[in-house]
Amino acid sequence: MKKYIDQGKNDTRSGYGAGMTELGRSNPNVVALCADLVGSLKIETFIAENPERFFQIGIAEANMMGIAAGLTIGGKIPFASTFANFATGRVYDQIRQSIAYSGKNVKICASHAGITLGEDGATHQILEDIGLMKMLPGMTVINPCDYNQTKAATLAIADYEGPVYLRFGRPKVANFTPADQKFEIGKALLLNEGTDVTIIATGHLVWQALIAAENLENKGISAEVINIHTIKPLDEEAVLKSVKKTGCVVSAEEHNYLGGLGESIARTLATQHPAPQEFVATQDTFGESGTPDQLMDKYGLNNKAIEEAVLRVLKRK
Amino acid sequence: MKKYIDQGKNDTRSGYGAGMTELGRSNPNVVALCADLVGSLKIETFIAENPERFFQIGIAEANMMGIAAGLTIGGKIPFASTFANFATGRVYDQIRQSIAYSGKNVKICASHAGITLGEDGATHQILEDIGLMKMLPGMTVINPCDYNQTKAATLAIADYEGPVYLRFGRPKVANFTPADQKFEIGKALLLNEGTDVTIIATGHLVWQALIAAENLENKGISAEVINIHTIKPLDEEAVLKSVKKTGCVVSAEEHNYLGGLGESIARTLATQHPAPQEFVATQDTFGESGTPDQLMDKYGLNNKAIEEAVLRVLKRK
Amino acid sequence: MSQLIKYYNSRLDTQKIAPTFEIIKNITMPNIEALEDVVVQTRRDILRMVHKVNSGHPGGSLGCTEFFVSLYHEMMELKDGFDMDGAGEDLFFLSNGHISPVFYSILARKGYFPIEELNTFRLIDSRLQGHPTTHEGLPGIRVASGSLGQGMSVAIGAALAKKLNNDNHLVYSLHGDGELQEGQNWEAIMYAAGNKVDNLISTIDRNGQQIDGPTAEVLPLGNLSEKFTAFGWDVLEIKDGNNLEEVIAGLQEAKSRTGKGKPICIIMNTVMGNGVDFMMHTHAWHGKAPNDDQLETALAQNPETLGDY
Amino acid sequence: MSQLIKYYNSRLDTQKIAPTFEIIKNITMPNIEALEDVVVQTRRDILRMVHKVNSGHPGGSLGCTEFFVSLYHEMMELKDGFDMDGAGEDLFFLSNGHISPVFYSILARKGYFPIEELNTFRLIDSRLQGHPTTHEGLPGIRVASGSLGQGMSVAIGAALAKKLNNDNHLVYSLHGDGELQEGQNWEAIMYAAGNKVDNLISTIDRNGQQIDGPTAEVLPLGNLSEKFTAFGWDVLEIKDGNNLEEVIAGLQEAKSRTGKGKPICIIMNTVMGNGVDFMMHTHAWHGKAPNDDQLETALAQNPETLGDY
Ligand SMILES: Cc1ncc(C[n+]2csc(CCOP(=O)(O)OP(=O)(O)O)c2C)c(N)n1
Ligand SMILES: Cc1ncc(C[n+]2csc(CCOP(=O)(O)OP(=O)(O)O)c2C)c(N)n1
Ligand SMILES: [Mg+2]
Ligand SMILES: [Mg+2]
């Protein structure tokens with residue numbers, strides 16, 4: 001199996017911050033907005049270097065989304081950032097009307113997504129944001145897997161015209177994608193070729209999928225691993241090509257099993273190539289306080305859960 | 001095929017209004033809230049008869065959801081009502097924290113759901129509310145098919161303890177379910193037995209599914225028709241039983257194909273009994289102004305679209 | 001992917017088409033009498049639009065007709081053609097999108113699109129959606145509205161962009177009074193004052209009505225002027241928002257106060273349904289169209305001036 | 001279906017368990033000195049809780065300690081045990097849920113749950129979640145908070161229910177000052193005045209700080225008293241919200257003004273991080289825990305009184 005090396009643990013939100021620093025220097029149209037969470041979003045350098053291009057909105061996320069929409073009228077490329085819950089559920093209708101339906105070139109950048117937010121608990125741990133954003137016509141939904149990929153995605157979405165939801169997280173996780181890898185929106189990455197089962201993972205679960213694939217290899221099971229960083233538009237071609245080869249699939253996401261990546265894959269299969277699927281996702285519960293690792297274990301969001309799901313789905317082939 | 005008689009066209013929101021009138025008389029704990037849309041919600045009689053149990057919130061849906069949550073503390077059963085867009089996307093985080101996560105006994109009652117809202121256009125035509133509400137742990141999601149069933153559902157949810165999303169609409173549609181039929185939350189209704197294909201429809205599309213089944217019968221195709229008024233918890237048993245018999249399924253909903261009923265069914269199949277499925281739903285677009293009938297035609301949400309979907313799915317069996 | 005991007009791009013494209021018209025310049029409207037003619041014709045347009053499709057919002061539209069005529073024909077500096085950015089011109093945002101009829105009539109008669117297109121209001125496949133939108137590429141519209149309470153935030157964003165671009169033009173916005181019950185407005189109001197967004201003039205249509213009745217009964221707004229003042233805005237009042245001269249004077253006064261560190265709020269008292277006697281002073285015509293007889297009566301009170309579409 | 005309903009019912013059940021304790025009555029806290037002891041012990045609890053898990057919000061918690069002690073030990077009429085409805089007793093809602101440490105300490109020491117349970121703050125499987133919730137059945141909590149701006153609406157709903165039930169008890173709520181930037185508050189503020197919710201006392205923790213810095217720099221709140229007054233509330237100020245006698249006097253004054261047709265707002269000036277010299281007057285400790293050395297220094301400034309948990 002192909003080897004991936006952790007270049008040193010880092011948080012994906014810092015990848016966002018690094019991308020913003022670079023954009024601040026390279027793209028004069030990029031402006032940043034934040035709702036009283038500058039430190040958590042890691043955009044201090046962007047702000048220090050471009051104070052006039054930063055808008056501190058205060059604790060008013062709805063207003064932030066509207067202001068971002070307005071800034072596009074005048075040619076700006078607003079990166080509106082806060083915690084994932086407050087960047088989606090709190091402002092769904094504002095995004096819907098003033099950004100998505102209005103076709104505004106706003107980048108909604110959401111940190112602390114998912115259960116790995118940790119100790120703050122369920123009110124902050126959104127597990128529905130992928131579903132929320134994927135339902136909006138015209139919205140692009142991206143969930144990169146590590147620091148490098150988050151940085152690359154941040155740069156890529158500045159060059160893409162249209163509304164984007166970029167989701168990243170708080171904990172330090174393995175950083176294993178090449179630092180110079182270009183980010184192609186909507187293009188799934190085949191991380192490992194395999195023949196028995198397809199594992200399609202997004203975000204923090206991509207690294208877990210690679211570990212699972214390695215463990216499975218030791219058990220004589222050949223797993224294909226796909227990093228599906230873009231959930232919408234979904235790279236259906238890549239999904240179908242792989243599942244047609246392997247005959248079954250495990251989807252893995254840090255999200256409720258309802259409404260997220262897993263259901264998008266299930267739909268793709270049901271309408272084009274029915275096949276057995278197992279979900280690695282939270283089971284329609286709220287999260288809770290705990291360390292990221294404890295929570296990933298308790299809620300079944302790690303390589304062990306992926307491995308078990310593979311064994312289950314193989315029995316159903 | 002079993003015959004269903006239209007007892008006279010009526011709007012489902014009037015079924016809600018009638019249910020509220022009855023609850024006003026029978027259950028002293030029921031209170032009603034509305035955000036400046038009393039006439040549209042058809043609750044004038046409830047208000048006239050129980051003025052002290054009605055709360056006019058003004059145009060402030062977030063506040064309405066919080067007040068509803070607070071009223072449960074003190075034993076009230078609040079029915080918080082407005083247009084579906086403003087009852088879900090506008091207040092997702094408020095529902096999430098103050099109602100769903102807090103386990104409050106609030107009934108969120110949403111009129112003008114879907115594209116049949118008509119002339120007001122896309123800003124008011126939510127096609128994502130089923131997906132929004134189904135992702136919330138602990139939320140029950142109900143979309144009845146006609147006046148009688150909406151009235152019955154309104155009565156039923158008052159007796160159920162827990163948060164409920166009840167979705168209904170604006171246009172006058174066939175009223176064909178028995179006036180005395182009890183509403184059982186979570187129990188799918190088998191409207192017609194068939195052997196070739198399963199049609200699972202919700203809301204306004206149930207009547208369209210019956211018409212489609214009749215047309216199909218004339219073509220020698222035997223369609224099983226299920227009225228899946230409760231989308232969450234999904235009656236997976238009924239879905240699987242039918243699809244195991246017929247071998248394929250068409251889902252029909254007045255909703256985006258992303259995130260809604262169709263994907264819930266696709267997931268159920270993928271994890272338990274993979275089978276070909278076709279979606280009758282909007283194709284990830286916003287709606288537009290027009291008459292309900294024109295829009296149902298243009299966006300492929302009628303019996304013809306269901307029939308075509310059946311023919312497509314049969315070829316894939 | 002391609003399908004989605006095509007879908008999205010197709011929208012962008014329509015937004016970028018700069019129509020090849022010239023904005024009808026203010027010089028053609030030199031005096032109040034000429035503007036009165038536009039007002040009356042606009043009323044006719046509103047009534048005929050909503051009557052034809054038996055839906056839409058005449059009450060608020062009629063109440064704001066003088067405001068729109070003053071704004072577009074007297075106040076705003078407008079470029080020829082339409083582009084989304086609106087660099088080098090004044091901008092207007094309609095937050096209470098339900099009064100689209102008056103907006104569409106004004107835009108059409110100002111040259112943004114063919115007047116005949118008013119015929120397609122709220123019809124399927126039309127650019128004149130029930131609530132204004134950029135989605136169909138209608139020139140003159142810069143953001144969708146209809147879901148209430150969002151427009152001031154957008155206007156602030158556009159005003160901030162103007163500052164960044166060293167564009168000295170102004171941003172205007174209009175809001176319903178009932179609409180101010182939406183909390184997002186107060187976020188925007190607090191932000192605009194705190195950040196000295198002094199190139200923004202937000203007008204409140206103070207007609208005292210909303211869907212379920214008088215605002216005083218549905219949810220009292222109290223003294224709006226005090227509220228805006230307490231939030232740090234420079235507030236002025238237009239006593240009779242259906243008097244053209246007063247409206248123009250008020251807007252000019254507001255303009256003269258821009259650039260002084262405070263956003264400007266105009267509390268504009270209007271009569272809902274103004275100009276049609278049986279529609280006035282009630283919420284009944286907030287979102288209801290006249291029938292044939294009612295239309296006839298209403299039009300008789302507003303005889304043709306510039307010519308019907 | 002069964003799975004979901006089971007899940008939901010299991011939650012309901014825990015919420016209904018009325019613990020078999022007696023609320024520690026006010027008589028045990030007869031004078032200010034005794035209350036001061038509670039204050040100091042509460043500070044210790046806060047510091048030790050956040051230190052243990054190296055997370056949580058000491059700054060706001062410390063600033064509101066005198067308020068919580070006054071409220072729960074002097075002001076509120078409380079029944080024995082806990083039920084969700086809270087009929088026949090005063091209710092309290094914490095809108096700025098991040099200051100859960102002070103809330104948990106007060107509830108535990110008032111008898112709502114075992115004091116030792118403070119040891120489980122923010123740990124996995126705990127009832128003491130990072131932000132307060134009903135979801136785990138912790139007695140004393142009636143709604144989840146943490147996502148800011150929602151608590152006043154809930155408090156209003158509870159106050160309306162009390163009126164419907166002819167229950168003459170009061171509803172108290174607490175809100176951060178930065179939190180008031182959320183628009184939902186202003187919806188609630190407008191509603192409470194318009195509907196004469198005069199059994200509600202909402203206190204604002206005016207510490208002038210939020211996460212990114214002083215409120216005056218992040219987004220100025222201006223004169224809050226003027227704002228609430230313009231919105232129709234009866235407003236009073238507590239000059240030093242870290243002085244027990246002042247806080248109690250302010251709360252008593254507020255209580256005396258209830259039932260007169262207006263909701264009551266208390267603007268309570270506090271010092272973030274109060275009682276720990278290096279945490280005071282800065283936003284730095286909004287959401288940061290002390291390390292071992294810092295804890296030692298902080299505890300030395302607040303010697304044990306009622307006994308550590
Ligand atoms: C967020 C939202 N909630 C509710 C509505 C439904 N609605 C449309 S217009 C209106 C009343 C608006 O009152 P006002 O702003 O005073 O406008 P007027 O009736 O005076 O034209 C309401 C409640 C909406 N469009 N958006
Ligand atoms: C809706 C929402 N947006 C953002 C946050 C993140 N957040 C938590 S506390 C806080 C600052 C609150 O300031 P304030 O109310 O003054 O409380 P203090 O810092 O004084 O304790 C923020 C922005 C949140 N919890 N909820
Ligand atoms: Mg009005
Ligand atoms: Mg503060």
# chains A, B, ... in the order shown; residues from 1 in each chain; ligands from 1
$ residues_near_ligand --ligand "ligand 3" --cutoff "9 Å" --atoms "only C-alpha atoms and all ligand atoms" --output "tab-separated table (two decimals) with N, CA and C atoms, in the first residue's frame"
chain	number	residue	atom	x	y	z
C	60	GLY	N	-47.69	48.67	0.33
C	60	GLY	CA	-46.38	49.25	0.61
C	60	GLY	C	-45.79	49.91	-0.62
C	175	HIS	N	-36.34	50.15	4.07
C	175	HIS	CA	-36.73	49.09	5.00
C	175	HIS	C	-38.16	49.32	5.45
C	176	GLY	N	-38.91	48.25	5.62
C	176	GLY	CA	-40.24	48.38	6.20
C	176	GLY	C	-40.15	48.66	7.68
C	177	ASP	N	-41.19	49.23	8.25
C	177	ASP	CA	-41.15	49.45	9.70
C	177	ASP	C	-41.35	48.13	10.45
C	178	GLY	N	-42.32	47.35	10.00
C	178	GLY	CA	-42.47	46.03	10.60
C	178	GLY	C	-41.19	45.22	10.47
C	179	GLU	N	-40.52	45.42	9.37
C	179	GLU	CA	-39.28	44.69	9.13
C	179	GLU	C	-38.25	44.91	10.24
C	204	ILE	N	-36.60	54.36	6.55
C	204	ILE	CA	-37.61	53.46	7.10
C	204	ILE	C	-38.99	53.89	6.60
C	205	ASP	N	-39.68	52.97	5.96
C	205	ASP	CA	-41.05	53.25	5.51
C	205	ASP	C	-41.99	53.14	6.71
C	206	ARG	N	-42.20	54.26	7.37
C	206	ARG	CA	-42.98	54.23	8.62
C	206	ARG	C	-44.46	54.40	8.30
C	207	ASN	N	-45.04	53.31	7.79
C	207	ASN	CA	-46.47	53.36	7.48
C	207	ASN	C	-47.33	52.82	8.62
C	208	GLY	N	-46.68	52.35	9.67
C	208	GLY	CA	-47.44	51.88	10.84
C	208	GLY	C	-48.27	50.64	10.59
C	209	GLN	N	-47.96	49.93	9.51
C	209	GLN	CA	-48.75	48.73	9.18
C	209	GLN	C	-47.82	47.56	8.88
C	210	GLN	N	-48.29	46.38	9.16
C	210	GLN	CA	-47.63	45.17	8.69
C	210	GLN	C	-48.72	44.14	8.37
C	211	ILE	N	-48.37	42.88	8.16
C	211	ILE	CA	-49.38	41.96	7.62
C	211	ILE	C	-50.58	41.80	8.54
C	214	PRO	N	-51.89	46.94	12.39
C	214	PRO	CA	-51.00	48.07	12.69
C	214	PRO	C	-49.80	47.58	13.51
C	215	THR	N	-48.63	48.13	13.22
C	215	THR	CA	-47.44	47.72	13.99
C	215	THR	C	-47.69	47.92	15.49
C	272	MET	N	-49.83	53.77	3.84
C	272	MET	CA	-49.91	52.56	3.04
C	272	MET	C	-51.05	52.70	2.04
C	283	HIS	N	-53.89	47.88	6.64
C	283	HIS	CA	-52.96	46.83	6.22
C	283	HIS	C	-53.62	45.87	5.25
C	286	HIS	N	-51.84	45.11	2.07
C	286	HIS	CA	-50.41	44.78	2.15
C	286	HIS	C	-50.02	43.82	1.02
$ residues_around --residues "A:Val280" --least-positions-apart "2" --cutoff "12 Å" --atoms "only C-alpha atoms" --output "PyMOL selection string"
(chain A and resi 199-202+205-206+208-209+249-258+260-263+277-278+282-284+296-297+299-310+312-313) or (chain B and resi 271)
$ select_by_dssp --residues "stretch 194-278 of chain D" --states "alpha helix (DSSP H)" --output "list in words"
Gly194, Thr215, Ala216, Glu217, Val218, Leu224, Ser225, Glu226, Lys227, Phe228, Thr229, Ala230, Leu244, Glu245, Glu246, Val247, Ile248, Ala249, Gly250, Leu251, Gln252, Glu253, Ala254, Lys255 and Ser256 of chain D
$ interface_residues --of "chain D" --to "chain A" --cutoff "9 Å" --atoms "only C-alpha atoms" --output "JSON, numbers by chain"
{"D": [4, 7, 53, 55, 56, 98, 121, 122, 123, 124, 125, 126, 128, 129, 130, 131, 133, 144, 145, 146, 147, 148, 178, 179, 180, 181, 182, 183, 210, 211, 212, 213, 215, 218, 219, 220]}
$ closest_residue --among "A:Asn143, A:Gln125, A:Gln94, A:Asn10" --to "ligand 2" --atoms "only C-alpha atoms and all ligand atoms"
A:Gln125
$ atom_distance --atom1 "atom CA of B:Ala213" --atom2 "atom CA of B:Cys248"
14.5 Å
$ interface_residues --of "chain C" --to "chain D" --cutoff "6 Å" --atoms "only C-alpha atoms" --output "PyMOL selection string"
chain C and resi 183-184+186-187+194+219-220+226-227+230
$ calpha_fit_rmsd --fixed "chain A" --moving "chain B"
0.0 Å
$ closest_residue --among "D:Ala155, D:Met279, D:Ile99, D:Met49" --to "ligand 2" --atoms "only C-alpha atoms and all ligand atoms"
D:Ile99
$ select_by_dssp --residues "stretch 231-308 of chain D" --states "strand (DSSP E)" --output "ChimeraX atom specification"
/D:234-238,264-269
$ atom_distance --atom1 "atom CA of C:Glu116" --atom2 "atom CA of C:Thr270"
28.7 Å
$ closest_residue --among "B:Gln97, B:Asn215, B:Asn50, B:Ser102" --to "chain A" --atoms "only C-alpha atoms"
B:Gln97
